[in-house]
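As structure tokens, the structure follows; a few thoughts come after it.
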Amino acid sequence: MATRREPRFKLSRHLGVNVCGHPKALKRVDTGKKTNRGNQKVSEYGQQLLEKQKIKAYYGIMERQFARYFESSKKSSEMTGVALLKALECRLDNLVYRIGFARSIRQARQLVTHGHILVNGAKVDIPSYGVRVSQVVSLKEKSRTNQVLLDNFQGLVSFNVPYIEKNKDQFSGKLIREPQRSELPIEVNEILAVELYSK
């Protein structure tokens, strides 16, 4: 399974947004320069490419995965870009990250593939699994004694989004409804990314 392995902080500085969620990811970025391009004028294609790269980085996906999600989203009754982001947001690895079991999308994917995560009580080890509304994502019983995971979840310092209901006692999080575009904790112009793929 292909994974993104580039340095997280460097990637965040290149894109001009904190795609890894670490508080120090953009520490060395000049606030007057959102990307490493400085004052250089970016072409329309360059802007579209940058937004696509942001989406891929936020959700830790590769080009082929992005293309599959894009093709699927075109069939939606919603705007393609919104449907794309919603589908990515409801990936199991992303929800594991949002709920707070992991401190990064990479760590979340690792938890899923190593069998630490349950969906409605059944083990699911596929990071791209699409979690549906009302499904409960929880930490396997044996994994609840892992101090790192315990600290991650009990601290609950990751995200507080209205479409996820967290249960601290049950070590779980429930997708209570579909996320709205305005609620997604990402900084990206998905319309530009769609324009790039629509050419």
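Quick note on naming: the chains in the structure tokens go A, B, ... in the order shown, residues restart at 1 in each chain, and ligands are numbered from 1 in order of appearance.
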
Non-local contacts of segment 93-106 of chain A (9 Å; only C-alpha atoms; under 5 positions in same chain excluded) as JSON, numbers by chain: {"A": [3, 4, 20, 21, 22, 58, 59, 60, 88, 111, 112, 117, 126, 127, 128, 129, 131, 137, 138, 139, 148, 149, 150, 151, 152, 153, 154, 155, 156, 157, 158, 159, 160, 161, 164, 165, 166, 171, 172, 173, 174, 175]}

Generate the output file for the selected residues, N, CA and C atoms, as a short mmCIF file (atom, residue, chain, number, x, y, z; two decimals), in the first residue's frame.
data_model
loop_
_atom_site.label_atom_id
_atom_site.label_comp_id
_atom_site.auth_asym_id
_atom_site.auth_seq_id
_atom_site.Cartn_x
_atom_site.Cartn_y
_atom_site.Cartn_z
N THR A 3 2.05 5.00 0.57
CA THR A 3 1.78 6.03 1.57
C THR A 3 2.64 7.25 1.30
N ARG A 4 2.19 8.38 1.80
CA ARG A 4 2.96 9.61 1.65
C ARG A 4 4.05 9.63 2.72
N CYS A 20 -0.79 18.81 8.54
CA CYS A 20 -0.50 17.70 9.44
C CYS A 20 -1.06 17.91 10.84
N GLY A 21 -1.58 19.10 11.13
CA GLY A 21 -2.21 19.34 12.42
C GLY A 21 -1.28 19.63 13.57
N HIS A 22 0.02 19.68 13.32
CA HIS A 22 0.97 19.95 14.39
C HIS A 22 1.06 21.46 14.61
N TYR A 58 -3.92 16.83 3.03
CA TYR A 58 -4.82 16.81 4.19
C TYR A 58 -5.29 15.39 4.51
N TYR A 59 -5.63 14.64 3.46
CA TYR A 59 -6.20 13.32 3.67
C TYR A 59 -5.21 12.19 3.45
N GLY A 60 -3.97 12.53 3.15
CA GLY A 60 -2.92 11.52 3.03
C GLY A 60 -3.13 10.53 1.91
N LEU A 88 -13.92 12.04 1.29
CA LEU A 88 -12.61 11.94 1.92
C LEU A 88 -12.71 12.11 3.44
N LEU A 111 -2.98 2.78 12.75
CA LEU A 111 -3.88 2.14 13.73
C LEU A 111 -4.90 1.25 13.02
N VAL A 112 -5.42 1.75 11.92
CA VAL A 112 -6.42 0.98 11.17
C VAL A 112 -5.81 -0.29 10.59
N ILE A 117 -8.77 -0.71 15.30
CA ILE A 117 -10.03 0.03 15.16
C ILE A 117 -11.21 -0.87 14.80
N ILE A 126 -9.15 -1.47 6.75
CA ILE A 126 -9.01 -0.79 5.46
C ILE A 126 -9.12 0.72 5.69
N PRO A 127 -8.03 1.47 5.58
CA PRO A 127 -8.06 2.91 5.84
C PRO A 127 -9.07 3.68 5.01
N SER A 128 -9.31 3.24 3.77
CA SER A 128 -10.21 3.96 2.87
C SER A 128 -11.68 3.59 3.07
N TYR A 129 -11.96 2.72 4.03
CA TYR A 129 -13.34 2.32 4.28
C TYR A 129 -14.21 3.56 4.50
N VAL A 131 -17.00 5.35 6.14
CA VAL A 131 -17.89 5.27 7.31
C VAL A 131 -19.22 5.94 6.97
N VAL A 137 -17.20 4.33 15.48
CA VAL A 137 -15.79 3.96 15.35
C VAL A 137 -15.19 3.91 16.75
N SER A 138 -14.63 2.78 17.11
CA SER A 138 -14.10 2.64 18.47
C SER A 138 -12.74 1.97 18.48
N LEU A 139 -12.11 2.06 19.63
CA LEU A 139 -10.80 1.46 19.84
C LEU A 139 -11.00 0.05 20.39
N VAL A 148 -0.08 5.54 24.76
CA VAL A 148 -0.05 6.58 23.72
C VAL A 148 -1.45 6.85 23.20
N LEU A 149 -2.19 5.78 22.89
CA LEU A 149 -3.55 5.93 22.40
C LEU A 149 -4.46 6.52 23.46
N LEU A 150 -4.22 6.10 24.70
CA LEU A 150 -5.01 6.60 25.83
C LEU A 150 -4.81 8.11 25.98
N ASP A 151 -3.56 8.53 25.92
CA ASP A 151 -3.26 9.96 26.05
C ASP A 151 -3.86 10.76 24.90
N ASN A 152 -3.76 10.20 23.70
CA ASN A 152 -4.33 10.87 22.53
C ASN A 152 -5.82 11.13 22.71
N PHE A 153 -6.55 10.06 23.07
CA PHE A 153 -8.00 10.15 23.12
C PHE A 153 -8.50 10.92 24.34
N GLN A 154 -7.94 10.63 25.50
CA GLN A 154 -8.43 11.30 26.71
C GLN A 154 -8.11 12.78 26.71
N GLY A 155 -7.05 13.14 25.98
CA GLY A 155 -6.73 14.56 25.88
C GLY A 155 -7.74 15.29 25.01
N LEU A 156 -8.28 14.58 24.00
CA LEU A 156 -9.28 15.14 23.08
C LEU A 156 -8.89 16.53 22.59
N VAL A 157 -7.62 16.68 22.21
CA VAL A 157 -7.14 17.98 21.79
C VAL A 157 -7.11 18.11 20.27
N SER A 158 -7.63 17.11 19.57
CA SER A 158 -7.53 17.13 18.12
C SER A 158 -8.58 18.02 17.48
N PHE A 159 -9.77 17.50 17.25
CA PHE A 159 -10.80 18.26 16.56
C PHE A 159 -12.12 18.21 17.33
N ASN A 160 -12.88 19.25 17.18
CA ASN A 160 -14.22 19.28 17.76
C ASN A 160 -15.17 19.68 16.65
N VAL A 161 -15.63 18.69 15.90
CA VAL A 161 -16.50 18.96 14.76
C VAL A 161 -17.91 18.47 15.07
N ILE A 164 -19.37 14.69 14.50
CA ILE A 164 -18.84 13.53 15.23
C ILE A 164 -19.19 13.67 16.71
N GLU A 165 -19.77 12.62 17.26
CA GLU A 165 -20.12 12.59 18.67
C GLU A 165 -19.13 11.66 19.38
N LYS A 166 -18.35 12.23 20.26
CA LYS A 166 -17.33 11.44 20.95
C LYS A 166 -17.85 10.92 22.29
N PHE A 171 -14.58 4.96 24.55
CA PHE A 171 -13.45 5.05 23.61
C PHE A 171 -13.97 4.99 22.17
N SER A 172 -14.93 5.84 21.88
CA SER A 172 -15.54 5.78 20.56
C SER A 172 -15.96 7.15 20.04
N GLY A 173 -16.29 7.16 18.77
CA GLY A 173 -16.82 8.35 18.12
C GLY A 173 -17.85 7.90 17.10
N LYS A 174 -18.93 8.66 16.98
CA LYS A 174 -20.01 8.28 16.08
C LYS A 174 -20.22 9.36 15.04
N LEU A 175 -20.34 8.96 13.79
CA LEU A 175 -20.66 9.90 12.72
C LEU A 175 -22.17 10.11 12.77
#

Pairwise distance for atom CA of Ile61 of chain A and atom CA of Gln170 of chain A, rounded to one decimal in Å: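 Straight-line distance from atom CA of Ile61 of chain A to atom CA of Gln170 of chain A works out to 29.4 Å.
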
Gap from atom CA of Phe66 of chain A to atom CA of Pro162 of chain A - Å, one decimal: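 Separation of atom CA of Phe66 of chain A and atom CA of Pro162 of chain A: 25.5 Å.
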
For segment 71-87 of chain A, please output as an mmCIF file with N, CA and C atoms, in the first residue's frame all residues within 7 Å (counting only C-alpha atoms; exclusion window: fewer than 4 positions along the same chain).
data_model
loop_
_atom_site.group_PDB
_atom_site.id
_atom_site.type_symbol
_atom_site.label_atom_id
_atom_site.label_comp_id
_atom_site.auth_asym_id
_atom_site.auth_seq_id
_atom_site.Cartn_x
_atom_site.Cartn_y
_atom_site.Cartn_z
ATOM 1 N N ALA A 67 -7.908 10.453 -7.997
ATOM 2 C CA ALA A 67 -8.616 10.316 -9.274
ATOM 3 C C ALA A 67 -9.871 9.463 -9.122
ATOM 4 N N ARG A 91 -13.676 8.921 5.280
ATOM 5 C CA ARG A 91 -12.770 7.767 5.272
ATOM 6 C C ARG A 91 -12.493 7.349 6.710
ATOM 7 N N PRO A 179 -21.091 15.579 7.105
ATOM 8 C CA PRO A 179 -20.492 16.893 7.360
ATOM 9 C C PRO A 179 -20.928 17.910 6.319
ATOM 10 N N ARG A 181 -19.885 21.362 4.154
ATOM 11 C CA ARG A 181 -18.615 21.890 3.649
ATOM 12 C C ARG A 181 -18.027 22.933 4.587
ATOM 13 N N GLU A 190 -11.584 23.790 -3.214
ATOM 14 C CA GLU A 190 -11.802 22.556 -3.987
ATOM 15 C C GLU A 190 -12.276 22.844 -5.408
ATOM 16 N N ILE A 191 -12.860 24.014 -5.624
ATOM 17 C CA ILE A 191 -13.341 24.355 -6.971
ATOM 18 C C ILE A 191 -12.174 24.407 -7.952
ATOM 19 N N VAL A 194 -11.072 20.898 -8.822
ATOM 20 C CA VAL A 194 -12.017 20.285 -9.763
ATOM 21 C C VAL A 194 -11.788 20.815 -11.163
#

Backbone DSSP call of strand (DSSP E) for segment 76-139 of chain A, listed as JSON, numbers by chain: {"A": [117, 118, 119, 122, 123, 136, 137, 138, 139]}

Picked from segment 75-176 of chain A by DSSP as alpha helix (DSSP H), as number ranges by chain: A: 80-89, 92-99, 105-113, 147-155

Mind dumping the selected residues with N, CA and C atoms as an mmCIF file, in the first residue's frame?
data_model
loop_
_atom_site.group_PDB
_atom_site.id
_atom_site.type_symbol
_atom_site.label_atom_id
_atom_site.label_comp_id
_atom_site.auth_asym_id
_atom_site.auth_seq_id
_atom_site.Cartn_x
_atom_site.Cartn_y
_atom_site.Cartn_z
ATOM 1 N N THR A 80 -19.356 18.683 -7.392
ATOM 2 C CA THR A 80 -18.299 17.660 -7.395
ATOM 3 C C THR A 80 -17.283 17.882 -6.281
ATOM 4 N N GLY A 81 -16.838 19.112 -6.109
ATOM 5 C CA GLY A 81 -15.830 19.391 -5.097
ATOM 6 C C GLY A 81 -16.312 19.097 -3.689
ATOM 7 N N VAL A 82 -17.547 19.462 -3.396
ATOM 8 C CA VAL A 82 -18.116 19.218 -2.065
ATOM 9 C C VAL A 82 -18.273 17.716 -1.837
ATOM 10 N N ALA A 83 -18.780 17.012 -2.835
ATOM 11 C CA ALA A 83 -18.946 15.559 -2.723
ATOM 12 C C ALA A 83 -17.594 14.874 -2.515
ATOM 13 N N LEU A 84 -16.578 15.376 -3.199
ATOM 14 C CA LEU A 84 -15.225 14.835 -3.065
ATOM 15 C C LEU A 84 -14.720 14.980 -1.639
ATOM 16 N N LEU A 85 -14.844 16.187 -1.081
ATOM 17 C CA LEU A 85 -14.356 16.430 0.275
ATOM 18 C C LEU A 85 -15.142 15.637 1.314
ATOM 19 N N LYS A 86 -16.442 15.514 1.124
ATOM 20 C CA LYS A 86 -17.255 14.741 2.062
ATOM 21 C C LYS A 86 -16.831 13.272 2.070
ATOM 22 N N ALA A 87 -16.591 12.736 0.888
ATOM 23 C CA ALA A 87 -16.178 11.334 0.797
ATOM 24 C C ALA A 87 -14.837 11.115 1.481
ATOM 25 N N LEU A 88 -13.923 12.044 1.290
ATOM 26 C CA LEU A 88 -12.607 11.935 1.923
ATOM 27 C C LEU A 88 -12.715 12.113 3.436
ATOM 28 N N GLU A 89 -13.575 13.022 3.856
ATOM 29 C CA GLU A 89 -13.753 13.285 5.284
ATOM 30 C C GLU A 89 -14.291 12.061 6.012
ATOM 31 N N LEU A 92 -12.320 6.060 6.940
ATOM 32 C CA LEU A 92 -12.096 5.562 8.292
ATOM 33 C C LEU A 92 -10.834 6.158 8.912
ATOM 34 N N ASP A 93 -9.739 6.196 8.150
ATOM 35 C CA ASP A 93 -8.504 6.715 8.740
ATOM 36 C C ASP A 93 -8.664 8.180 9.144
ATOM 37 N N ASN A 94 -9.402 8.949 8.346
ATOM 38 C CA ASN A 94 -9.590 10.355 8.684
ATOM 39 C C ASN A 94 -10.445 10.520 9.933
ATOM 40 N N LEU A 95 -11.492 9.712 10.069
ATOM 41 C CA LEU A 95 -12.340 9.813 11.254
ATOM 42 C C LEU A 95 -11.605 9.357 12.512
ATOM 43 N N VAL A 96 -10.731 8.378 12.372
ATOM 44 C CA VAL A 96 -9.903 7.955 13.507
ATOM 45 C C VAL A 96 -9.050 9.137 13.976
ATOM 46 N N TYR A 97 -8.553 9.903 13.024
ATOM 47 C CA TYR A 97 -7.772 11.112 13.318
ATOM 48 C C TYR A 97 -8.649 12.190 13.936
ATOM 49 N N ARG A 98 -9.809 12.443 13.355
ATOM 50 C CA ARG A 98 -10.718 13.470 13.859
ATOM 51 C C ARG A 98 -11.210 13.150 15.271
ATOM 52 N N ILE A 99 -11.510 11.887 15.521
ATOM 53 C CA ILE A 99 -12.021 11.485 16.835
ATOM 54 C C ILE A 99 -10.962 11.699 17.908
ATOM 55 N N ILE A 105 -2.743 11.940 10.469
ATOM 56 C CA ILE A 105 -3.442 11.038 9.557
ATOM 57 C C ILE A 105 -2.599 9.786 9.300
ATOM 58 N N ARG A 106 -1.278 9.939 9.345
ATOM 59 C CA ARG A 106 -0.399 8.779 9.147
ATOM 60 C C ARG A 106 -0.543 7.794 10.299
ATOM 61 N N GLN A 107 -0.555 8.327 11.522
ATOM 62 C CA GLN A 107 -0.710 7.451 12.680
ATOM 63 C C GLN A 107 -2.084 6.792 12.661
ATOM 64 N N ALA A 108 -3.093 7.525 12.216
ATOM 65 C CA ALA A 108 -4.447 6.971 12.137
ATOM 66 C C ALA A 108 -4.491 5.805 11.159
ATOM 67 N N ARG A 109 -3.853 5.971 10.007
ATOM 68 C CA ARG A 109 -3.835 4.890 9.015
ATOM 69 C C ARG A 109 -3.130 3.661 9.589
ATOM 70 N N GLN A 110 -2.084 3.885 10.340
ATOM 71 C CA GLN A 110 -1.342 2.778 10.949
ATOM 72 C C GLN A 110 -2.216 2.031 11.959
ATOM 73 N N LEU A 111 -2.981 2.776 12.752
ATOM 74 C CA LEU A 111 -3.876 2.138 13.726
ATOM 75 C C LEU A 111 -4.902 1.251 13.023
ATOM 76 N N VAL A 112 -5.421 1.745 11.917
ATOM 77 C CA VAL A 112 -6.424 0.977 11.175
ATOM 78 C C VAL A 112 -5.810 -0.294 10.590
ATOM 79 N N THR A 113 -4.693 -0.157 9.904
ATOM 80 C CA THR A 113 -4.085 -1.318 9.247
ATOM 81 C C THR A 113 -3.577 -2.356 10.246
ATOM 82 N N GLN A 147 -0.793 3.314 26.315
ATOM 83 C CA GLN A 147 -0.714 4.642 26.927
ATOM 84 C C GLN A 147 -0.721 5.763 25.899
ATOM 85 N N VAL A 148 -0.075 5.543 24.759
ATOM 86 C CA VAL A 148 -0.046 6.578 23.720
ATOM 87 C C VAL A 148 -1.452 6.853 23.202
ATOM 88 N N LEU A 149 -2.187 5.783 22.893
ATOM 89 C CA LEU A 149 -3.552 5.933 22.396
ATOM 90 C C LEU A 149 -4.458 6.517 23.462
ATOM 91 N N LEU A 150 -4.224 6.104 24.697
ATOM 92 C CA LEU A 150 -5.009 6.601 25.825
ATOM 93 C C LEU A 150 -4.810 8.112 25.982
ATOM 94 N N ASP A 151 -3.562 8.532 25.923
ATOM 95 C CA ASP A 151 -3.256 9.959 26.052
ATOM 96 C C ASP A 151 -3.860 10.757 24.896
ATOM 97 N N ASN A 152 -3.762 10.204 23.702
ATOM 98 C CA ASN A 152 -4.329 10.875 22.529
ATOM 99 C C ASN A 152 -5.824 11.127 22.714
ATOM 100 N N PHE A 153 -6.545 10.063 23.070
ATOM 101 C CA PHE A 153 -7.998 10.155 23.122
ATOM 102 C C PHE A 153 -8.503 10.920 24.336
ATOM 103 N N GLN A 154 -7.943 10.635 25.505
ATOM 104 C CA GLN A 154 -8.429 11.295 26.709
ATOM 105 C C GLN A 154 -8.105 12.783 26.714
ATOM 106 N N GLY A 155 -7.050 13.139 25.975
ATOM 107 C CA GLY A 155 -6.731 14.555 25.881
ATOM 108 C C GLY A 155 -7.744 15.291 25.013
#
